[in-house]
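Novice: I'd like to ask you about the structure that follows.
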Amino acid sequence: MISREEAILPRPTFRATRIAGVLLFAFASLLVAADDLRVYAIDVEGGKSTLYVSPTGESMLVDTGYDDYHNRDAGRIVAAAQAAGVKQIDYLVITHYHGDHVGGVPQLAAMMPIRAFFDHGRIFGTVNANAKTGYAAYVALRAKGPRTIVKPGDTIPIKGIDVEVVTAAGIAIAKALPGAGQPNPACASYQALDPDPGENAHSIGMIIAYGKFRLADLGDLYWNQEHDLACPNNKLGVVDVYMTTHHGTQTSGSPQMVDALHPKVAIMNNGADKGGSVKAWQTIHDSPGLVDLWQLHFSNEGGKAHNVPEAFIANPSEPCQGKWIELTARKDGTFSVVNGRNGFQKTYRP
Ligand SMILES: [Zn+2]
């Protein structure tokens, strides 16, 4: 059930400051404790770019949005990095080689240092000329390395949080994660789609954990590969936050996967006319345990019936201002989500 609560809660007060014997709590701006995990779902208008900044100050960027548009996406990534106080990308994870994920790498590399590259290996399927150009530009940059090809079960070595690769190059982890592996009753109604020989099916997917807080970021993973993670047993376990897979396109985000993840909050990386499908939206909406869905854009396909209330949408009208959605998480599992457009925020407790 999606909450229609409109109340603006005070921003997180994770730290109180003692001045002249008086405890002052700051409400005016997002007061982030040094030991929080910070996540920025950056608006790249239907592509993907998510910045994770660990409590130790290391940064991991998952995808870079599009090329072109006069540095639009790279500029937004740099703005998020500045807001987070990081000057370089320590770990760049490219989930797969489609242009809305890898396209922004050259522009970003020209604006800030990228220290290490992680990807799934060779390119799969046929890609159009544009995507080929983007991929070639990425290959040239990662040659400056270090570059790592990840396999399921590998970790991204960012300090302060735990990042486990659960799928890559079409292969799921063989064993359930610790505490996971329960039978998934939703699998009884699973129906495969036609196989996808292309990049989406080979996307990197990760579970990101900080103490008791868990988040799923599965890139653009395809429906049939989700099945390998979710059925017959739920290999991933439950999460607090689900970063929507493939922008909320209907060939990802199966009920088998989403219900298994059982998120409290989902953040949808849709554009106005990209992703945000009625089907994927409804699956999230109906997911048991869901408290709120947040969206980067109003989805034109969704119309009035299949969009969340405007307070939860970072970019409700077009042309947009490229606002992000920011998340901060504490080790005890408490986390807050803030709409970068209007400051609307909610805190979720374990
Ligand atoms: Zn995509």
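How things are named: the first chain in the structure tokens is A, the next is B, and so on; residues count from 1 in each chain; ligands count from 1 in the order shown.
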Determine, counting only C-alpha atoms, which protein, DNA and RNA residues have an atom within 12 Å of an atom of Tyr69 of chain A; residues of the same chain fewer than 5 positions away are not included. Present the result as an mmCIF file with N, CA and C atoms, in the first residue's frame.
Specialist:
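File produced: selection.cif:
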```cif
data_model
loop_
_atom_site.group_PDB
_atom_site.id
_atom_site.type_symbol
_atom_site.label_atom_id
_atom_site.label_comp_id
_atom_site.auth_asym_id
_atom_site.auth_seq_id
_atom_site.Cartn_x
_atom_site.Cartn_y
_atom_site.Cartn_z
ATOM 1 N N VAL A 44 18.919 10.730 -14.462
ATOM 2 C CA VAL A 44 19.522 10.762 -15.791
ATOM 3 C C VAL A 44 18.443 10.434 -16.824
ATOM 4 N N GLU A 45 17.240 10.826 -16.484
ATOM 5 C CA GLU A 45 16.103 10.856 -17.402
ATOM 6 C C GLU A 45 15.873 9.531 -18.137
ATOM 7 N N ALA A 74 26.615 13.708 -16.725
ATOM 8 C CA ALA A 74 27.890 13.813 -15.991
ATOM 9 C C ALA A 74 27.831 14.998 -15.032
ATOM 10 N N GLY A 75 27.226 16.088 -15.475
ATOM 11 C CA GLY A 75 27.104 17.265 -14.607
ATOM 12 C C GLY A 75 26.264 16.971 -13.375
ATOM 13 N N ARG A 76 25.217 16.198 -13.547
ATOM 14 C CA ARG A 76 24.363 15.849 -12.395
ATOM 15 C C ARG A 76 25.081 14.896 -11.440
ATOM 16 N N GLY A 103 27.007 5.199 -21.254
ATOM 17 C CA GLY A 103 27.220 6.335 -22.160
ATOM 18 C C GLY A 103 27.925 7.518 -21.537
ATOM 19 N N GLY A 104 27.643 7.771 -20.262
ATOM 20 C CA GLY A 104 28.168 8.979 -19.634
ATOM 21 C C GLY A 104 29.614 8.888 -19.168
ATOM 22 N N GLN A 107 32.342 11.605 -20.532
ATOM 23 C CA GLN A 107 32.094 12.959 -20.026
ATOM 24 C C GLN A 107 32.419 13.036 -18.531
#
```
Novice: Give me, as a list in words, the residues of segment 195-293 of chain A that a backbone DSSP run labels strand (DSSP E).
Specialist: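 Reading the DSSP output for segment 195-293 of chain A, strand (DSSP E) covers Gly205, Met206, Ile207, Ile208, Ala209, Tyr210, Phe213, Arg214, Leu215, Ala216, Asp217, Asn233, Asn234, Val241, Tyr242, Met243, Val265, Ala266, Ile267, Met268, Asp292 and Leu293 of chain A.
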Novice: Do you have, as JSON lines, the list of residues of chain A lying at most 8 Å from ligand 1, each with its nearest atom pair and that distance in Å to one decimal, counting only C-alpha atoms and all ligand atoms and ordered by chain then number?
Specialist:
```
{"residue": "A:Gly46", "atom": "CA", "partner": "ligand 1", "partner_atom_place_in_ligand_line": "1 (Zn)", "distance": 7.1}
{"residue": "A:Gly47", "atom": "CA", "partner": "ligand 1", "partner_atom_place_in_ligand_line": "1 (Zn)", "distance": 5.1}
{"residue": "A:Lys48", "atom": "CA", "partner": "ligand 1", "partner_atom_place_in_ligand_line": "1 (Zn)", "distance": 6.1}
{"residue": "A:His98", "atom": "CA", "partner": "ligand 1", "partner_atom_place_in_ligand_line": "1 (Zn)", "distance": 6.6}
{"residue": "A:Gly99", "atom": "CA", "partner": "ligand 1", "partner_atom_place_in_ligand_line": "1 (Zn)", "distance": 7.7}
{"residue": "A:Asp100", "atom": "CA", "partner": "ligand 1", "partner_atom_place_in_ligand_line": "1 (Zn)", "distance": 5.3}
{"residue": "A:His101", "atom": "CA", "partner": "ligand 1", "partner_atom_place_in_ligand_line": "1 (Zn)", "distance": 6.1}
{"residue": "A:Asn200", "atom": "CA", "partner": "ligand 1", "partner_atom_place_in_ligand_line": "1 (Zn)", "distance": 7.9}
{"residue": "A:Gly219", "atom": "CA", "partner": "ligand 1", "partner_atom_place_in_ligand_line": "1 (Zn)", "distance": 7.4}
{"residue": "A:Asp220", "atom": "CA", "partner": "ligand 1", "partner_atom_place_in_ligand_line": "1 (Zn)", "distance": 5.6}
{"residue": "A:His246", "atom": "CA", "partner": "ligand 1", "partner_atom_place_in_ligand_line": "1 (Zn)", "distance": 5.3}
{"residue": "A:His247", "atom": "CA", "partner": "ligand 1", "partner_atom_place_in_ligand_line": "1 (Zn)", "distance": 6.4}
```
Novice: Quick check for you: according to DSSP on this backbone, which residues of segment 86-243 of chain A are classed as helix (DSSP H, G or I)? Reply as a ChimeraX atom specification.
Specialist: /A:99-102,105-111,129-142,185-189,200-202,223-230
Novice: Write out the residues from the selection above, keeping N, CA and C atoms, as a short mmCIF file (atom, residue, chain, number, x, y, z; two decimals), in the first residue's frame.
Specialist:
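File produced: out22.cif:
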```
data_model
loop_
_atom_site.label_atom_id
_atom_site.label_comp_id
_atom_site.auth_asym_id
_atom_site.auth_seq_id
_atom_site.Cartn_x
_atom_site.Cartn_y
_atom_site.Cartn_z
N GLY A 99 23.59 2.25 -23.65
CA GLY A 99 24.00 3.65 -23.66
C GLY A 99 23.47 4.47 -22.51
N ASP A 100 22.35 4.05 -21.90
CA ASP A 100 21.79 4.80 -20.77
C ASP A 100 22.50 4.47 -19.46
N HIS A 101 23.50 3.57 -19.54
CA HIS A 101 24.26 3.17 -18.35
C HIS A 101 25.75 3.48 -18.49
N VAL A 102 26.30 3.14 -19.68
CA VAL A 102 27.74 3.32 -19.89
C VAL A 102 28.04 4.62 -20.64
N VAL A 105 30.25 7.72 -19.34
CA VAL A 105 31.60 7.54 -18.76
C VAL A 105 32.62 8.56 -19.29
N PRO A 106 32.73 8.77 -20.62
CA PRO A 106 33.77 9.71 -21.07
C PRO A 106 33.57 11.13 -20.53
N GLN A 107 32.34 11.61 -20.53
CA GLN A 107 32.09 12.96 -20.03
C GLN A 107 32.42 13.04 -18.53
N LEU A 108 32.04 12.00 -17.79
CA LEU A 108 32.32 12.00 -16.35
C LEU A 108 33.82 11.96 -16.09
N ALA A 109 34.51 11.11 -16.85
CA ALA A 109 35.96 10.96 -16.66
C ALA A 109 36.69 12.28 -16.94
N ALA A 110 36.09 13.11 -17.80
CA ALA A 110 36.71 14.41 -18.09
C ALA A 110 36.46 15.41 -16.96
N MET A 111 35.50 15.10 -16.09
CA MET A 111 35.13 16.05 -15.03
C MET A 111 35.62 15.64 -13.65
N ALA A 129 24.53 1.36 -33.40
CA ALA A 129 25.79 2.08 -33.64
C ALA A 129 26.11 3.02 -32.48
N ASN A 130 25.10 3.69 -31.96
CA ASN A 130 25.31 4.60 -30.84
C ASN A 130 25.88 3.89 -29.63
N ALA A 131 25.26 2.75 -29.31
CA ALA A 131 25.70 1.98 -28.16
C ALA A 131 27.13 1.47 -28.37
N LYS A 132 27.43 1.11 -29.62
CA LYS A 132 28.78 0.64 -29.94
C LYS A 132 29.80 1.72 -29.66
N THR A 133 29.45 2.94 -30.02
CA THR A 133 30.35 4.06 -29.80
C THR A 133 30.56 4.26 -28.30
N GLY A 134 29.47 4.21 -27.54
CA GLY A 134 29.57 4.38 -26.09
C GLY A 134 30.40 3.29 -25.46
N TYR A 135 30.20 2.07 -25.92
CA TYR A 135 30.95 0.94 -25.38
C TYR A 135 32.43 1.09 -25.71
N ALA A 136 32.72 1.48 -26.94
CA ALA A 136 34.12 1.64 -27.36
C ALA A 136 34.81 2.72 -26.52
N ALA A 137 34.08 3.79 -26.24
CA ALA A 137 34.67 4.87 -25.44
C ALA A 137 34.95 4.38 -24.03
N TYR A 138 34.05 3.56 -23.50
CA TYR A 138 34.25 2.99 -22.16
C TYR A 138 35.46 2.06 -22.15
N VAL A 139 35.56 1.21 -23.18
CA VAL A 139 36.67 0.25 -23.25
C VAL A 139 38.01 0.99 -23.26
N ALA A 140 38.05 2.11 -23.98
CA ALA A 140 39.29 2.89 -24.04
C ALA A 140 39.64 3.46 -22.66
N LEU A 141 38.63 3.89 -21.93
CA LEU A 141 38.90 4.49 -20.62
C LEU A 141 39.26 3.45 -19.57
N ARG A 142 38.57 2.30 -19.60
CA ARG A 142 38.85 1.30 -18.56
C ARG A 142 40.23 0.70 -18.77
N PRO A 185 6.83 -18.82 -2.49
CA PRO A 185 5.54 -19.32 -2.97
C PRO A 185 5.10 -18.68 -4.28
N ALA A 186 5.59 -17.47 -4.58
CA ALA A 186 5.18 -16.79 -5.82
C ALA A 186 5.68 -17.52 -7.06
N CYS A 187 6.66 -18.41 -6.89
CA CYS A 187 7.24 -19.09 -8.05
C CYS A 187 6.25 -20.03 -8.74
N ALA A 188 5.22 -20.44 -8.02
CA ALA A 188 4.23 -21.35 -8.60
C ALA A 188 3.56 -20.73 -9.82
N SER A 189 3.45 -19.41 -9.87
CA SER A 189 2.78 -18.76 -10.98
C SER A 189 3.75 -18.13 -11.99
N ASN A 200 20.82 -6.73 -21.14
CA ASN A 200 20.04 -6.66 -19.90
C ASN A 200 20.12 -7.97 -19.11
N ALA A 201 20.04 -9.08 -19.85
CA ALA A 201 20.09 -10.39 -19.20
C ALA A 201 21.44 -10.64 -18.53
N HIS A 202 22.44 -9.84 -18.92
CA HIS A 202 23.80 -10.05 -18.40
C HIS A 202 24.22 -8.98 -17.40
N TRP A 223 13.79 -10.33 -16.64
CA TRP A 223 12.78 -11.18 -15.97
C TRP A 223 13.28 -12.60 -15.72
N ASN A 224 13.80 -13.25 -16.79
CA ASN A 224 14.17 -14.67 -16.65
C ASN A 224 15.38 -14.85 -15.73
N GLN A 225 16.28 -13.87 -15.70
CA GLN A 225 17.44 -13.96 -14.79
C GLN A 225 17.04 -13.60 -13.36
N GLU A 226 16.02 -12.79 -13.20
CA GLU A 226 15.48 -12.56 -11.86
C GLU A 226 15.00 -13.89 -11.27
N HIS A 227 14.40 -14.68 -12.14
CA HIS A 227 13.90 -15.99 -11.70
C HIS A 227 15.02 -16.83 -11.07
N ASP A 228 16.22 -16.75 -11.66
CA ASP A 228 17.34 -17.53 -11.14
C ASP A 228 17.75 -17.09 -9.73
N LEU A 229 17.41 -15.85 -9.38
CA LEU A 229 17.72 -15.35 -8.03
C LEU A 229 16.58 -15.60 -7.05
N ALA A 230 15.36 -15.68 -7.60
CA ALA A 230 14.17 -15.69 -6.72
C ALA A 230 13.51 -17.05 -6.60
#
```
Novice: List the neighbours of His285 of chain A out to 10 Å using only C-alpha atoms; skip same-chain residues closer than 4 positions along the sequence, and give me the result as a PyMOL selection string.
Specialist: chain A and resi 1-2+266+279-281+289-293+306-308
Novice: Got time to write the residues from that selection, all heavy atoms, as a compact mmCIF listing (two decimals), in the first residue's frame?
Specialist:
```txt
# COMPACT_ATOMS: atom_id res chain seq x y z
N MET A 1 0.86 -1.19 0.00
CA MET A 1 0.00 0.00 0.00
C MET A 1 0.89 1.23 0.00
O MET A 1 1.79 1.37 0.80
CB MET A 1 -0.85 -0.06 1.28
CG MET A 1 -2.00 0.91 1.36
SD MET A 1 -3.19 0.70 0.06
CE MET A 1 -4.05 2.25 0.21
N ILE A 2 0.66 2.14 -0.89
CA ILE A 2 1.47 3.35 -0.94
C ILE A 2 0.85 4.41 -0.04
O ILE A 2 -0.33 4.72 -0.15
CB ILE A 2 1.61 3.84 -2.38
CG1 ILE A 2 2.56 2.91 -3.11
CG2 ILE A 2 2.13 5.26 -2.42
CD1 ILE A 2 2.56 3.05 -4.56
N ALA A 266 10.66 1.49 -2.39
CA ALA A 266 11.23 1.32 -3.72
C ALA A 266 11.50 2.70 -4.29
O ALA A 266 10.73 3.64 -4.05
CB ALA A 266 10.29 0.54 -4.63
N LYS A 279 2.58 -2.12 -15.43
CA LYS A 279 2.72 -3.46 -14.87
C LYS A 279 3.75 -3.50 -13.73
O LYS A 279 3.48 -4.03 -12.65
CB LYS A 279 3.13 -4.43 -15.99
CG LYS A 279 3.06 -5.88 -15.60
CD LYS A 279 3.39 -6.75 -16.80
CE LYS A 279 3.51 -8.21 -16.40
NZ LYS A 279 4.01 -9.03 -17.51
N ALA A 280 4.94 -2.94 -13.99
CA ALA A 280 5.98 -2.97 -12.96
C ALA A 280 5.57 -2.11 -11.76
O ALA A 280 5.82 -2.48 -10.60
CB ALA A 280 7.31 -2.47 -13.53
N TRP A 281 4.94 -0.97 -12.04
CA TRP A 281 4.47 -0.08 -10.97
C TRP A 281 3.48 -0.81 -10.07
O TRP A 281 3.56 -0.75 -8.84
CB TRP A 281 3.83 1.16 -11.59
CG TRP A 281 3.50 2.27 -10.64
CD1 TRP A 281 4.26 3.36 -10.36
CD2 TRP A 281 2.29 2.41 -9.85
NE1 TRP A 281 3.62 4.17 -9.46
CE2 TRP A 281 2.42 3.61 -9.12
CE3 TRP A 281 1.14 1.63 -9.69
CZ2 TRP A 281 1.42 4.07 -8.24
CZ3 TRP A 281 0.17 2.06 -8.81
CH2 TRP A 281 0.31 3.27 -8.09
N GLY A 289 4.42 -5.58 2.26
CA GLY A 289 5.48 -4.93 3.04
C GLY A 289 5.86 -3.55 2.54
O GLY A 289 6.55 -2.81 3.23
N LEU A 290 5.39 -3.19 1.33
CA LEU A 290 5.78 -1.88 0.81
C LEU A 290 5.10 -0.75 1.59
O LEU A 290 3.89 -0.78 1.82
CB LEU A 290 5.43 -1.74 -0.67
CG LEU A 290 6.09 -0.48 -1.28
CD1 LEU A 290 7.51 -0.78 -1.71
CD2 LEU A 290 5.28 0.10 -2.41
N VAL A 291 5.90 0.24 1.99
CA VAL A 291 5.35 1.43 2.63
C VAL A 291 5.23 2.56 1.60
O VAL A 291 4.19 3.17 1.46
CB VAL A 291 6.22 1.87 3.83
CG1 VAL A 291 5.64 3.12 4.49
CG2 VAL A 291 6.33 0.73 4.84
N ASP A 292 6.34 2.82 0.88
CA ASP A 292 6.33 3.91 -0.09
C ASP A 292 7.13 3.57 -1.34
O ASP A 292 8.18 2.95 -1.26
CB ASP A 292 6.93 5.18 0.50
CG ASP A 292 6.04 5.83 1.55
OD1 ASP A 292 4.84 5.99 1.28
OD2 ASP A 292 6.55 6.16 2.63
N LEU A 293 6.62 4.05 -2.45
CA LEU A 293 7.37 4.09 -3.70
C LEU A 293 7.69 5.55 -4.00
O LEU A 293 6.82 6.42 -3.86
CB LEU A 293 6.52 3.48 -4.82
CG LEU A 293 6.98 3.68 -6.27
CD1 LEU A 293 8.35 3.06 -6.52
CD2 LEU A 293 5.96 3.08 -7.25
N HIS A 306 -1.44 5.34 -11.96
CA HIS A 306 -0.24 4.55 -11.71
C HIS A 306 0.99 5.43 -11.53
O HIS A 306 2.06 5.18 -12.09
CB HIS A 306 -0.03 3.52 -12.83
CG HIS A 306 -1.15 2.54 -12.93
ND1 HIS A 306 -2.24 2.74 -13.75
CD2 HIS A 306 -1.39 1.38 -12.28
CE1 HIS A 306 -3.08 1.73 -13.60
NE2 HIS A 306 -2.60 0.89 -12.72
N ASN A 307 0.82 6.49 -10.77
CA ASN A 307 1.92 7.31 -10.28
C ASN A 307 1.66 7.56 -8.81
O ASN A 307 0.51 7.56 -8.37
CB ASN A 307 2.00 8.64 -11.03
CG ASN A 307 2.77 8.54 -12.35
OD1 ASN A 307 4.00 8.56 -12.37
ND2 ASN A 307 2.03 8.43 -13.45
N VAL A 308 2.73 7.80 -8.06
CA VAL A 308 2.58 8.09 -6.63
C VAL A 308 2.20 9.57 -6.47
O VAL A 308 2.30 10.35 -7.42
CB VAL A 308 3.88 7.77 -5.86
CG1 VAL A 308 4.13 6.27 -5.86
CG2 VAL A 308 5.08 8.50 -6.44
```
Novice: With only C-alpha atoms as the basis for distance, which of A:Leu296, A:Leu92, A:Ala172, A:Ala143 is at the shortest distance from Gln321 of chain A?
Specialist: A:Leu296
Novice: Suppose you want the space between atom CA of Val239 of chain A and atom CA of Thr50 of chain A; what is it in Å?
Specialist: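 Going from atom CA of Val239 of chain A over to atom CA of Thr50 of chain A, I get 17.2 Å.
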Novice: Quick one: distance from atom CA of Ile158 of chain A to atom CA of Val338 of chain A in Å, one decimal?
Specialist: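 About the pair atom CA of Ile158 of chain A and atom CA of Val338 of chain A: they are 24.1 Å apart.
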Novice: Any idea what the distance is between atom CA of Thr283 of chain A and atom CA of Cys231 of chain A?
Specialist: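 According to the coordinates, atom CA of Thr283 of chain A and atom CA of Cys231 of chain A are separated by 16.9 Å.
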Novice: List as a short mmCIF file (atom, residue, chain, number, x, y, z; two decimals) with C-alpha atoms, in the first residue's frame the protein and nucleic acid residues near Ala81 of chain A, meaning an atom at most 12 Å away when only C-alpha atoms are counted, but skip any in the same chain fewer than 3 places from it.
Specialist:
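Saved to result-v6.cif:
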```cif
data_model
loop_
_atom_site.label_atom_id
_atom_site.label_comp_id
_atom_site.auth_asym_id
_atom_site.auth_seq_id
_atom_site.Cartn_x
_atom_site.Cartn_y
_atom_site.Cartn_z
CA ARG A 38 24.43 7.99 1.66
CA VAL A 39 22.80 7.09 -1.63
CA TYR A 40 21.87 9.43 -4.46
CA ALA A 41 19.44 8.19 -7.10
CA ILE A 42 20.57 10.66 -9.72
CA SER A 49 23.24 6.44 -12.21
CA THR A 50 23.33 5.80 -8.48
CA LEU A 51 26.02 7.15 -6.18
CA TYR A 52 26.83 5.33 -2.93
CA VAL A 53 29.05 7.03 -0.37
CA GLY A 57 33.93 8.44 2.63
CA GLU A 58 34.64 6.05 -0.24
CA SER A 59 32.42 6.33 -3.29
CA MET A 60 30.89 3.77 -5.62
CA LEU A 61 29.01 4.92 -8.70
CA ALA A 74 27.89 13.81 -15.99
CA GLY A 75 27.10 17.27 -14.61
CA ARG A 76 24.36 15.85 -12.39
CA ILE A 77 26.69 13.10 -11.14
CA VAL A 78 29.34 15.69 -10.27
CA ALA A 84 28.18 14.17 -0.78
CA GLY A 85 31.62 15.71 -0.34
CA VAL A 86 33.48 13.30 -2.59
CA LYS A 87 36.03 14.41 -5.16
CA GLN A 88 36.52 11.17 -7.06
CA ILE A 89 34.73 7.96 -7.96
CA ASP A 90 36.66 5.23 -6.18
CA LEU A 108 32.32 12.00 -16.35
CA MET A 111 35.13 16.05 -15.03
CA MET A 112 36.32 13.92 -12.13
CA PRO A 113 38.79 11.08 -11.50
CA TRP A 324 17.61 13.51 -7.36
CA GLU A 326 18.63 11.04 -1.62
#
```
Novice: May I ask which of the residues A:Thr95, A:Asn233, A:Gln282, A:Ser203 is the closest one to Ser254 of chain A, counting only C-alpha atoms?
Specialist: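 For Ser254 of chain A, the nearest of the candidates is A:Gln282.
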Novice: Using only C-alpha atoms, which residue out of A:Pro183, A:Gly237, A:Gly198, A:Gly253 lies closest to Tyr97 of chain A?
Specialist: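 Ranking A:Pro183, A:Gly237, A:Gly198, A:Gly253 by distance to Tyr97 of chain A, first place goes to A:Gly198.
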Novice: List the neighbours of Ala116 of chain A out to 6 Å using only C-alpha atoms; skip same-chain residues closer than 3 positions along the sequence, and give me the result as a VMD selection string.
Specialist: chain A and resid 91 145 to 147
Novice: Gly153 of chain A: which residues within 9 Å, counting only C-alpha atoms, same-chain residues fewer than 2 positions away excluded, as a count of residues only?
Specialist: 11
Novice: Set the distance at 7 Å and use only C-alpha atoms: which residues neighbour His120 of chain A once local chain neighbours fewer than 3 positions away are removed? I'd like the list as a ChimeraX atom specification.
Specialist: /A:96,149-150,168-169,204
